[in-house]
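S.K.: Input structure: final_22.csv, which contains CSV, C-alpha atoms.
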```csv
chain,number,residue,atom,x,y,z
Y,135,MET,CA,106.3,-118.1,-172.7
Y,136,THR,CA,103.2,-118.4,-174.8
Y,137,GLY,CA,101.1,-119.4,-171.8
Y,138,SER,CA,102.2,-116.4,-169.7
Y,139,LYS,CA,101.1,-113.9,-172.4
Y,140,VAL,CA,97.7,-115.5,-172.7
Y,141,PHE,CA,96.9,-114.8,-169.1
Y,142,LEU,CA,98.8,-111.6,-168.4
Y,143,LEU,CA,97.2,-109.5,-171.2
Y,144,PRO,CA,93.6,-110.0,-170.0
Y,145,LEU,CA,94.8,-109.5,-166.4
Y,146,ALA,CA,96.2,-106.0,-167.2
Y,147,GLY,CA,92.8,-105.1,-168.6
Y,148,LEU,CA,91.0,-106.5,-165.6
Y,149,LEU,CA,93.3,-104.5,-163.2
Y,150,TRP,CA,92.3,-101.4,-165.1
Y,151,LEU,CA,88.7,-102.2,-164.6
Y,152,ALA,CA,89.1,-102.8,-160.9
Y,153,ASN,CA,90.9,-99.5,-160.3
Y,154,ALA,CA,88.9,-97.3,-162.6
Y,155,THR,CA,87.2,-94.5,-160.8
Y,156,VAL,CA,84.8,-93.0,-163.2
Y,157,PHE,CA,83.2,-96.2,-164.3
Y,158,ALA,CA,83.7,-98.2,-161.0
Y,159,GLN,CA,80.1,-98.8,-160.2
Y,160,PRO,CA,78.6,-100.0,-163.5
Y,161,GLU,CA,81.7,-102.1,-164.5
Y,162,ALA,CA,82.4,-103.7,-161.1
Y,163,PRO,CA,80.0,-106.7,-161.5
Y,164,PRO,CA,81.5,-107.7,-164.9
Y,165,ALA,CA,85.0,-107.3,-163.5
Y,166,LEU,CA,84.0,-109.5,-160.6
Y,167,ALA,CA,82.9,-112.3,-162.8
Y,168,SER,CA,86.0,-111.9,-165.1
Y,169,TYR,CA,88.3,-112.1,-162.1
Y,170,GLN,CA,86.6,-115.2,-160.9
Y,171,LYS,CA,86.9,-116.8,-164.3
Y,172,LEU,CA,90.6,-115.8,-164.6
Y,173,ILE,CA,91.4,-117.2,-161.2
Y,174,ALA,CA,89.8,-120.5,-162.1
Y,175,GLU,CA,91.9,-120.7,-165.3
Y,176,LEU,CA,95.1,-119.7,-163.5
Y,177,GLU,CA,94.5,-122.3,-160.7
Y,178,SER,CA,94.1,-125.0,-163.3
Y,179,ARG,CA,97.5,-124.0,-164.9
Y,180,GLN,CA,99.7,-123.1,-161.9
Y,181,SER,CA,102.6,-125.0,-163.4
Y,182,THR,CA,102.6,-122.6,-166.4
Y,183,LEU,CA,105.3,-120.1,-166.4
Y,184,GLY,CA,104.1,-116.8,-164.9
Y,185,ALA,CA,100.8,-118.3,-163.7
Y,186,ASP,CA,101.6,-118.3,-160.0
Y,187,SER,CA,102.6,-114.6,-160.1
Y,188,ALA,CA,99.5,-113.7,-162.1
Y,189,LEU,CA,97.3,-115.6,-159.7
Y,190,GLY,CA,98.4,-113.3,-156.8
Y,191,GLU,CA,97.6,-110.3,-159.0
Y,192,ALA,CA,94.3,-111.7,-159.9
Y,193,TYR,CA,93.3,-112.4,-156.3
Y,194,SER,CA,94.4,-108.9,-155.4
Y,195,GLY,CA,92.3,-107.4,-158.2
Y,196,LEU,CA,89.3,-109.5,-157.1
Y,197,GLY,CA,89.8,-108.1,-153.6
Y,198,ASN,CA,89.9,-104.6,-154.9
Y,199,THR,CA,86.7,-105.2,-156.8
Y,200,LEU,CA,84.9,-106.7,-153.8
Y,201,GLN,CA,86.1,-103.9,-151.7
Y,202,THR,CA,84.6,-101.3,-154.2
Y,203,LEU,CA,81.3,-103.2,-153.9
Y,204,GLY,CA,81.4,-103.0,-150.1
Y,205,GLN,CA,81.8,-106.8,-149.8
Y,206,HIS,CA,84.6,-106.5,-147.3
Y,207,ALA,CA,84.4,-109.9,-145.7
Y,208,ASP,CA,84.8,-111.5,-149.2
Y,209,ALA,CA,87.5,-109.0,-150.0
Y,210,LEU,CA,89.5,-110.1,-147.0
Y,211,LYS,CA,89.4,-113.7,-148.3
Y,212,ALA,CA,90.6,-112.7,-151.7
Y,213,TYR,CA,93.4,-110.6,-150.2
Y,214,ASP,CA,94.5,-113.6,-148.1
Y,215,GLN,CA,94.7,-115.7,-151.2
Y,216,ALA,CA,96.7,-113.0,-152.9
Y,217,LEU,CA,99.1,-112.9,-150.0
Y,218,GLN,CA,99.5,-116.7,-150.0
Y,219,ALA,CA,100.2,-116.8,-153.7
Y,220,LEU,CA,102.8,-114.0,-153.3
Y,221,ARG,CA,104.6,-115.8,-150.4
Y,222,GLU,CA,104.7,-119.1,-152.3
Y,223,ASN,CA,106.0,-117.5,-155.5
Y,224,LYS,CA,108.3,-114.8,-154.1
Y,225,GLY,CA,109.1,-115.6,-150.5
Y,226,LEU,CA,107.7,-115.2,-147.0
Y,227,TYR,CA,108.9,-111.6,-146.6
Y,228,THR,CA,108.4,-110.3,-150.2
Y,229,LEU,CA,107.8,-106.6,-150.3
Y,230,ASP,CA,105.1,-107.2,-152.9
Y,231,GLN,CA,102.8,-108.1,-150.0
Y,232,LEU,CA,102.7,-104.5,-148.7
Y,233,PRO,CA,100.2,-103.0,-151.2
Y,234,VAL,CA,97.9,-106.0,-150.7
Y,235,LEU,CA,98.2,-105.6,-146.9
Y,236,GLU,CA,97.4,-101.9,-147.2
Y,237,ALA,CA,94.3,-102.7,-149.2
Y,238,ARG,CA,93.4,-105.5,-146.7
Y,239,LEU,CA,93.6,-103.0,-143.8
Y,240,ASP,CA,91.0,-100.8,-145.5
Y,241,SER,CA,88.5,-103.7,-145.4
Y,242,SER,CA,89.4,-104.7,-141.9
Y,243,GLU,CA,88.8,-101.1,-140.8
Y,244,ALA,CA,85.5,-101.0,-142.6
Y,245,LEU,CA,84.4,-104.1,-140.6
Y,246,SER,CA,85.8,-102.6,-137.4
Y,247,ASN,CA,87.9,-105.8,-137.1
Y,248,TRP,CA,90.6,-104.3,-134.9
Y,249,GLN,CA,92.4,-107.6,-134.3
Y,250,GLU,CA,92.9,-107.9,-138.1
Y,251,VAL,CA,94.0,-104.3,-138.3
Y,252,ASP,CA,96.5,-105.0,-135.6
Y,253,ALA,CA,97.8,-108.2,-137.2
Y,254,GLY,CA,98.2,-106.4,-140.6
Y,255,ARG,CA,100.1,-103.5,-139.1
Y,256,GLN,CA,102.5,-105.9,-137.3
Y,257,LEU,CA,103.0,-108.0,-140.4
Y,258,ALA,CA,103.8,-104.9,-142.5
Y,259,TYR,CA,106.4,-103.9,-139.9
Y,260,LEU,CA,107.8,-107.4,-139.8
Y,261,ILE,CA,108.2,-107.6,-143.5
Y,262,SER,CA,109.9,-104.2,-143.7
Y,263,THR,CA,112.5,-105.3,-141.0
Y,264,LYS,CA,113.1,-108.8,-142.2
Y,265,ASN,CA,113.4,-108.2,-146.0
Y,266,PRO,CA,117.0,-107.2,-146.7
Y,267,ASP,CA,115.9,-105.2,-149.7
Y,268,ALA,CA,113.7,-102.9,-147.6
Y,269,VAL,CA,115.1,-99.4,-147.6
Y,270,SER,CA,115.2,-97.4,-144.3
Y,271,ASP,CA,112.3,-95.2,-145.5
Y,272,LEU,CA,110.1,-98.2,-145.7
Y,273,ARG,CA,111.0,-99.4,-142.2
Y,274,TYR,CA,110.4,-95.9,-140.9
Y,275,LYS,CA,107.0,-95.8,-142.6
Y,276,ALA,CA,106.0,-99.2,-141.2
Y,277,LEU,CA,107.2,-98.3,-137.7
Y,278,ARG,CA,105.3,-95.1,-137.6
Y,279,GLU,CA,102.1,-96.7,-138.9
Y,280,LEU,CA,102.4,-99.4,-136.3
Y,281,GLY,CA,103.1,-96.9,-133.5
Y,282,LEU,CA,100.3,-94.5,-134.4
Y,283,TRP,CA,97.9,-97.5,-134.7
Y,284,LYS,CA,98.9,-98.7,-131.3
Y,285,LEU,CA,98.4,-95.2,-129.9
Y,286,ARG,CA,94.9,-95.0,-131.4
Y,287,ALA,CA,94.0,-98.5,-130.2
Y,288,ALA,CA,95.0,-97.7,-126.7
Y,289,GLU,CA,93.3,-94.3,-126.6
Y,290,GLU,CA,90.0,-95.8,-128.0
Y,291,ASP,CA,90.3,-99.1,-126.2
Y,292,LEU,CA,90.0,-101.0,-129.4
Y,293,LEU,CA,92.2,-104.0,-128.3
Y,294,PRO,CA,92.7,-105.9,-125.1
Y,295,ASN,CA,96.0,-105.4,-123.4
Y,296,SER,CA,96.5,-102.1,-125.2
Y,297,LEU,CA,98.7,-100.8,-122.4
Y,298,HIS,CA,101.1,-103.7,-122.9
Y,299,ASP,CA,101.0,-103.2,-126.6
Y,300,ALA,CA,101.9,-99.5,-126.2
Y,301,ARG,CA,104.8,-100.5,-124.0
Y,302,GLU,CA,106.1,-103.0,-126.6
Y,303,VAL,CA,105.9,-100.5,-129.5
Y,304,SER,CA,107.7,-97.9,-127.4
Y,305,GLU,CA,110.6,-100.3,-127.2
Y,306,LEU,CA,110.6,-100.6,-131.0
Y,307,TYR,CA,110.9,-96.8,-131.2
Y,308,ARG,CA,113.7,-96.8,-128.6
Y,309,LYS,CA,115.6,-99.5,-130.6
Y,310,GLU,CA,115.2,-97.3,-133.7
Y,311,LEU,CA,116.7,-94.4,-131.8
Y,312,GLU,CA,119.4,-96.1,-129.8
Y,313,GLN,CA,120.8,-98.9,-132.0
Y,314,PRO,CA,123.7,-97.3,-134.0
Y,315,ASP,CA,123.0,-99.0,-137.3
Y,316,LEU,CA,119.3,-98.0,-137.3
Y,317,ARG,CA,119.9,-94.5,-136.0
Y,318,ALA,CA,122.5,-94.0,-138.8
Y,319,ALA,CA,119.7,-94.3,-141.3
Y,320,TYR,CA,118.4,-90.9,-140.1
Y,321,GLN,CA,121.5,-89.0,-141.0
Y,322,GLY,CA,120.4,-86.0,-142.9
Y,323,LYS,CA,116.7,-86.8,-142.3
Y,324,ALA,CA,116.0,-84.4,-139.3
Y,325,LEU,CA,112.2,-84.3,-139.9
Y,326,SER,CA,111.9,-88.1,-139.9
Y,327,LEU,CA,114.0,-88.3,-136.8
Y,328,ALA,CA,111.8,-85.6,-135.1
Y,329,ASN,CA,108.7,-87.6,-136.0
Y,330,VAL,CA,110.1,-90.7,-134.3
Y,331,TYR,CA,110.8,-88.7,-131.1
Y,332,LEU,CA,107.3,-87.1,-131.2
Y,333,ASP,CA,105.6,-90.5,-131.7
Y,334,LEU,CA,107.6,-91.9,-128.8
Y,335,ALA,CA,106.7,-88.9,-126.6
Y,336,ALA,CA,103.0,-89.4,-127.4
Y,337,LEU,CA,103.2,-93.1,-126.6
Y,338,GLU,CA,104.9,-92.5,-123.3
Y,339,PHE,CA,102.4,-89.8,-122.4
Y,340,LEU,CA,99.5,-92.2,-123.1
Y,341,GLN,CA,101.1,-94.8,-120.8
Y,342,ALA,CA,101.6,-92.2,-118.1
Y,343,LYS,CA,97.9,-91.3,-118.2
Y,344,LYS,CA,96.9,-95.0,-118.3
Y,345,GLN,CA,99.1,-95.8,-115.3
Y,346,LEU,CA,97.4,-93.0,-113.3
Y,347,GLU,CA,94.0,-94.4,-114.2
Y,348,LEU,CA,94.7,-97.9,-112.9
Y,349,PRO,CA,93.1,-98.9,-109.6
Y,350,LEU,CA,95.5,-99.0,-106.6
Y,351,SER,CA,95.0,-102.8,-106.5
Y,352,SER,CA,97.0,-103.0,-109.7
Y,353,PHE,CA,100.1,-102.0,-107.8
Y,354,GLY,CA,99.5,-104.3,-104.8
Y,355,VAL,CA,102.1,-106.5,-103.2
Y,356,ASN,CA,102.0,-108.6,-100.1
Y,357,GLY,CA,101.2,-106.5,-97.1
Y,358,GLN,CA,98.7,-105.8,-94.4
Y,359,ARG,CA,95.6,-104.2,-95.9
Y,360,SER,CA,94.2,-103.6,-92.4
Y,361,VAL,CA,95.5,-103.3,-88.9
Y,362,THR,CA,94.0,-103.6,-85.4
Y,363,GLU,CA,93.7,-100.5,-83.4
Y,364,MET,CA,92.2,-99.9,-80.0
Y,365,PHE,CA,89.5,-97.3,-79.6
Y,366,CYS,CA,88.5,-96.2,-76.1
Y,367,GLU,CA,85.5,-94.0,-75.0
Y,368,THR,CA,84.2,-92.9,-71.6
Y,369,MET,CA,80.7,-94.3,-70.8
Y,370,PRO,CA,78.6,-92.6,-68.2
Y,371,THR,CA,77.7,-94.7,-65.1
Y,372,ALA,CA,74.6,-94.5,-62.8
Y,373,ASP,CA,76.6,-92.7,-60.1
Y,374,GLY,CA,77.4,-89.9,-62.5
Y,375,ARG,CA,80.9,-90.9,-63.0
Y,376,GLY,CA,82.3,-92.6,-66.1
Y,377,ARG,CA,84.3,-95.6,-67.0
Y,378,GLN,CA,86.5,-96.1,-69.9
Y,379,VAL,CA,85.5,-98.8,-72.4
Y,380,CYS,CA,88.0,-100.0,-75.0
Y,381,ARG,CA,87.7,-102.3,-77.9
Y,382,ASN,CA,89.8,-103.5,-80.8
Y,383,LEU,CA,88.7,-102.6,-84.4
Y,384,GLN,CA,90.1,-103.6,-87.8
Y,385,VAL,CA,90.8,-100.4,-89.8
Y,386,PRO,CA,92.5,-99.8,-93.2
Y,387,ASN,CA,96.3,-99.8,-93.0
Y,388,MET,CA,97.0,-96.3,-94.4
Y,389,ASP,CA,100.7,-97.0,-94.7
Y,390,TYR,CA,99.9,-99.9,-97.0
Y,391,PHE,CA,97.6,-97.9,-99.2
Y,392,MET,CA,100.0,-95.0,-99.3
Y,393,SER,CA,102.7,-97.4,-100.5
Y,394,LEU,CA,100.3,-98.4,-103.4
Y,395,SER,CA,99.8,-94.8,-104.2
Y,396,ASN,CA,103.5,-94.2,-104.2
Y,397,ARG,CA,104.0,-97.1,-106.6
Y,398,ARG,CA,101.4,-95.8,-109.0
Y,399,TYR,CA,102.9,-92.3,-108.8
Y,400,ALA,CA,106.4,-93.8,-109.6
Y,401,ALA,CA,105.0,-95.9,-112.5
Y,402,THR,CA,103.5,-92.7,-113.9
Y,403,TRP,CA,106.8,-90.9,-113.8
Y,404,ASP,CA,108.5,-93.9,-115.4
Y,405,HIS,CA,106.8,-92.7,-118.6
Y,406,LEU,CA,106.7,-89.0,-118.0
Y,407,ASN,CA,110.5,-88.8,-117.7
Y,408,PRO,CA,111.1,-90.5,-121.1
Y,409,MET,CA,108.3,-88.4,-122.6
Y,410,GLN,CA,110.1,-85.2,-121.5
Y,411,GLU,CA,113.4,-86.5,-122.9
Y,412,ALA,CA,111.8,-87.3,-126.3
Y,413,VAL,CA,110.1,-83.9,-126.5
Y,414,LEU,CA,113.3,-82.1,-125.8
Y,415,GLU,CA,115.2,-84.3,-128.3
Y,416,ALA,CA,112.6,-83.4,-131.0
Y,417,TRP,CA,113.0,-79.8,-130.2
Y,418,GLU,CA,116.8,-79.9,-130.5
Y,419,VAL,CA,116.6,-81.7,-133.8
Y,420,LEU,CA,114.0,-79.3,-135.3
Y,421,LEU,CA,115.4,-76.0,-134.2
Y,422,PRO,CA,118.2,-75.9,-136.7
Y,423,GLU,CA,115.8,-76.9,-139.5
Y,424,VAL,CA,113.9,-73.7,-139.1
Y,425,GLU,CA,116.9,-72.0,-140.9
Y,426,THR,CA,116.8,-74.4,-143.9
Y,427,HIS,CA,114.5,-75.2,-146.8
Y,428,ASN,CA,112.6,-77.4,-144.4
Y,429,ARG,CA,111.4,-74.3,-142.4
Y,430,ASP,CA,107.7,-74.8,-143.0
Y,431,ALA,CA,107.7,-78.5,-142.1
Y,432,ALA,CA,110.0,-77.9,-139.1
Y,433,LEU,CA,107.6,-75.2,-137.8
Y,434,ALA,CA,104.6,-77.5,-138.2
Y,435,LEU,CA,106.4,-80.2,-136.1
Y,436,LEU,CA,107.4,-77.6,-133.6
Y,437,VAL,CA,103.7,-77.0,-133.1
Y,438,GLN,CA,103.5,-80.6,-132.0
Y,439,VAL,CA,106.5,-80.1,-129.7
Y,440,HIS,CA,104.7,-77.2,-128.0
Y,441,SER,CA,101.4,-79.1,-127.8
Y,442,LEU,CA,103.1,-82.1,-126.1
Y,443,THR,CA,104.9,-79.7,-123.8
Y,444,ASP,CA,101.7,-78.0,-122.7
Y,445,ALA,CA,100.0,-81.4,-122.3
Y,446,PHE,CA,102.9,-82.5,-120.1
Y,447,ASN,CA,103.0,-79.4,-118.0
Y,448,ASP,CA,99.2,-79.3,-117.5
Y,449,PHE,CA,99.2,-83.0,-116.5
Y,450,VAL,CA,102.0,-82.5,-114.0
Y,451,ALA,CA,100.3,-79.4,-112.5
Y,452,LYS,CA,97.1,-81.3,-112.1
Y,453,ASN,CA,98.4,-84.6,-110.8
Y,454,ALA,CA,102.0,-84.5,-109.6
Y,455,ARG,CA,103.1,-84.0,-106.0
Y,456,LYS,CA,105.3,-81.2,-105.1
Y,457,GLN,CA,108.8,-81.7,-106.6
Y,458,THR,CA,111.3,-79.4,-108.3
Y,459,GLY,CA,112.0,-79.7,-112.0
Y,460,SER,CA,108.7,-81.4,-112.7
Y,461,ARG,CA,107.9,-79.3,-115.7
Y,462,ILE,CA,109.5,-79.6,-119.1
Y,463,ALA,CA,112.3,-77.0,-119.1
Y,464,ALA,CA,114.7,-75.6,-121.6
Y,465,PRO,CA,117.1,-72.6,-121.6
Y,466,THR,CA,115.3,-70.9,-124.4
Y,467,GLY,CA,112.5,-68.4,-125.0
Y,468,SER,CA,110.4,-71.1,-126.7
Y,469,LYS,CA,107.1,-72.4,-125.4
Y,470,ILE,CA,109.0,-75.1,-123.6
Y,471,ARG,CA,109.3,-73.4,-120.3
Y,472,ARG,CA,110.0,-74.0,-116.7
```
Could you take the file, read its structure, and then write that structure out as structure tokens?

M.R.:
Amino acid sequence: MTGSKVFLLPLAGLLWLANATVFAQPEAPPALASYQKLIAELESRQSTLGADSALGEAYSGLGNTLQTLGQHADALKAYDQALQALRENKGLYTLDQLPVLEARLDSSEALSNWQEVDAGRQLAYLISTKNPDAVSDLRYKALRELGLWKLRAAEEDLLPNSLHDAREVSELYRKELEQPDLRAAYQGKALSLANVYLDLAALEFLQAKKQLELPLSSFGVNGQRSVTEMFCETMPTADGRGRQVCRNLQVPNMDYFMSLSNRRYAATWDHLNPMQEAVLEAWEVLLPEVETHNRDAALALLVQVHSLTDAFNDFVAKNARKQTGSRIAAPTGSKIRR
């Protein structure tokens, strides 16, 4: 017990130094040296009661200090050490990792290390679903942060295979909405439920747009790209008459290329249809909330409903072929219209 007090008291003071706002710049270098000294002492006494836990806090504080100094690459290394200490001391899926992961994400973003951002978001979601002590609000937060990150990554082309990633996270949203035990966690939380539907709608819309942008070759199957057709023309002769000359030419097989276009069109609607369903579900959830104490928040989310509705309808008007019921429709006087 004596050993733990010796190290935890200076650690509390160092954490204050690392997180102080007013004096952050002048006191950061002394804090850096102090953290390094403390870590060395703790690593030499890891068998001491409380030292393992304190080591994780010390590395986290060191990371925060390095981050304040703009030394993000070194901060990432410190955060990794903090995470390792936490896992060894408290378990692979300890919730104590989440604040460290959030801080680590800031440095990864500062370095534009998008692969690291992606890994951090996925790990935070994994921890929130694997740890039995995680409450539903924590899983909801981790899911939305992962989903909105994947949406951004795909829109800005920050990651390879972003379309595949968007599809995978859409499935996570669907699991949240369709699995009874997960859906039950949203009982009495209409605004959270609406947010999940709106995120899913945005992800599906993104995928619809990306599908339409893919080259036709992406939808290719075995088939004849060209066919042989006979072309004939009449050639004048010396006696003033004419004779017909025919030859075979290879020309594009329009049926083949139309089949590719049909597949691309169908793949686009594979995402537009669930987008439409999600938008309408969000609208159904939010409408009763307008008459409650959640009125302002519900109205703010209804603005998103209308925005996605207009985006859907504009996209269909610009790109879809003639078909009935292709616009989001609802039997109300809202902006969701036929």

S.K.: List as a list of chain:residue names: which residues have an atom within 10 Å of (111.3, -81.6, -128.9), counting all atoms listed in the file?

M.R.: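 Selection result: Y:Ala328, Y:Asn329, Y:Tyr331, Y:Leu332, Y:Ala335, Y:Met409, Y:Gln410, Y:Glu411, Y:Ala412, Y:Val413, Y:Leu414, Y:Glu415, Y:Ala416, Y:Trp417, Y:Glu418, Y:Val419, Y:Leu420, Y:Leu421, Y:Leu435, Y:Leu436, Y:Val437, Y:Gln438, Y:Val439, Y:His440, Y:Leu442, Y:Thr443, Y:Ile470.
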
S.K.: I'd like the neighbourhood of Ser304 of chain Y as a ChimeraX atom specification, where a residue qualifies if any of its atoms comes within 8 Å (using all atoms listed in the file), though same-chain residues fewer than 5 positions away should be ignored.

M.R.: /Y:281,334,337-338

S.K.: Have a look at atom CA of Ser326 of chain Y and atom CA of Tyr274 of chain Y and let me know their distance in Å, one decimal.

M.R.: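 Value for the atom CA of Ser326 of chain Y-atom CA of Tyr274 of chain Y distance: 8.0 Å.
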
S.K.: Could you name the residues that touch segment 224-233 of chain Y at 12 Å or less, counting all atoms listed in the file, but leaving out those on the same chain fewer than 2 positions away, as a VMD selection string?

M.R.: chain Y and resid 184 186 to 188 190 to 191 194 to 195 197 to 198 213 to 222 235 to 240 254 to 269 272 to 273 275 to 276

S.K.: Please save C-alpha atoms of the selected residues as an mmCIF file, keeping the file's coordinate frame.

M.R.:
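Output file result-v5.cif follows:
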```cif
data_model
loop_
_atom_site.group_PDB
_atom_site.id
_atom_site.type_symbol
_atom_site.label_atom_id
_atom_site.label_comp_id
_atom_site.auth_asym_id
_atom_site.auth_seq_id
_atom_site.Cartn_x
_atom_site.Cartn_y
_atom_site.Cartn_z
ATOM 1 C CA GLY Y 184 104.100 -116.800 -164.900
ATOM 2 C CA ASP Y 186 101.600 -118.300 -160.000
ATOM 3 C CA SER Y 187 102.600 -114.600 -160.100
ATOM 4 C CA ALA Y 188 99.500 -113.700 -162.100
ATOM 5 C CA GLY Y 190 98.400 -113.300 -156.800
ATOM 6 C CA GLU Y 191 97.600 -110.300 -159.000
ATOM 7 C CA SER Y 194 94.400 -108.900 -155.400
ATOM 8 C CA GLY Y 195 92.300 -107.400 -158.200
ATOM 9 C CA GLY Y 197 89.800 -108.100 -153.600
ATOM 10 C CA ASN Y 198 89.900 -104.600 -154.900
ATOM 11 C CA TYR Y 213 93.400 -110.600 -150.200
ATOM 12 C CA ASP Y 214 94.500 -113.600 -148.100
ATOM 13 C CA GLN Y 215 94.700 -115.700 -151.200
ATOM 14 C CA ALA Y 216 96.700 -113.000 -152.900
ATOM 15 C CA LEU Y 217 99.100 -112.900 -150.000
ATOM 16 C CA GLN Y 218 99.500 -116.700 -150.000
ATOM 17 C CA ALA Y 219 100.200 -116.800 -153.700
ATOM 18 C CA LEU Y 220 102.800 -114.000 -153.300
ATOM 19 C CA ARG Y 221 104.600 -115.800 -150.400
ATOM 20 C CA GLU Y 222 104.700 -119.100 -152.300
ATOM 21 C CA LEU Y 235 98.200 -105.600 -146.900
ATOM 22 C CA GLU Y 236 97.400 -101.900 -147.200
ATOM 23 C CA ALA Y 237 94.300 -102.700 -149.200
ATOM 24 C CA ARG Y 238 93.400 -105.500 -146.700
ATOM 25 C CA LEU Y 239 93.600 -103.000 -143.800
ATOM 26 C CA ASP Y 240 91.000 -100.800 -145.500
ATOM 27 C CA GLY Y 254 98.200 -106.400 -140.600
ATOM 28 C CA ARG Y 255 100.100 -103.500 -139.100
ATOM 29 C CA GLN Y 256 102.500 -105.900 -137.300
ATOM 30 C CA LEU Y 257 103.000 -108.000 -140.400
ATOM 31 C CA ALA Y 258 103.800 -104.900 -142.500
ATOM 32 C CA TYR Y 259 106.400 -103.900 -139.900
ATOM 33 C CA LEU Y 260 107.800 -107.400 -139.800
ATOM 34 C CA ILE Y 261 108.200 -107.600 -143.500
ATOM 35 C CA SER Y 262 109.900 -104.200 -143.700
ATOM 36 C CA THR Y 263 112.500 -105.300 -141.000
ATOM 37 C CA LYS Y 264 113.100 -108.800 -142.200
ATOM 38 C CA ASN Y 265 113.400 -108.200 -146.000
ATOM 39 C CA PRO Y 266 117.000 -107.200 -146.700
ATOM 40 C CA ASP Y 267 115.900 -105.200 -149.700
ATOM 41 C CA ALA Y 268 113.700 -102.900 -147.600
ATOM 42 C CA VAL Y 269 115.100 -99.400 -147.600
ATOM 43 C CA LEU Y 272 110.100 -98.200 -145.700
ATOM 44 C CA ARG Y 273 111.000 -99.400 -142.200
ATOM 45 C CA LYS Y 275 107.000 -95.800 -142.600
ATOM 46 C CA ALA Y 276 106.000 -99.200 -141.200
#
```

S.K.: Which of these residues is nearest to Leu406 of chain Y, using all atoms listed in the file: Y:Leu348, Y:Cys366, Y:Leu383, Y:Leu340?

M.R.: Y:Leu340

S.K.: Can you tell me how far atom CA of Asn247 of chain Y sits from atom CA of Leu210 of chain Y, in Å to one decimal?

M.R.: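 Atom CA of Asn247 of chain Y sits 10.9 Å away from atom CA of Leu210 of chain Y.
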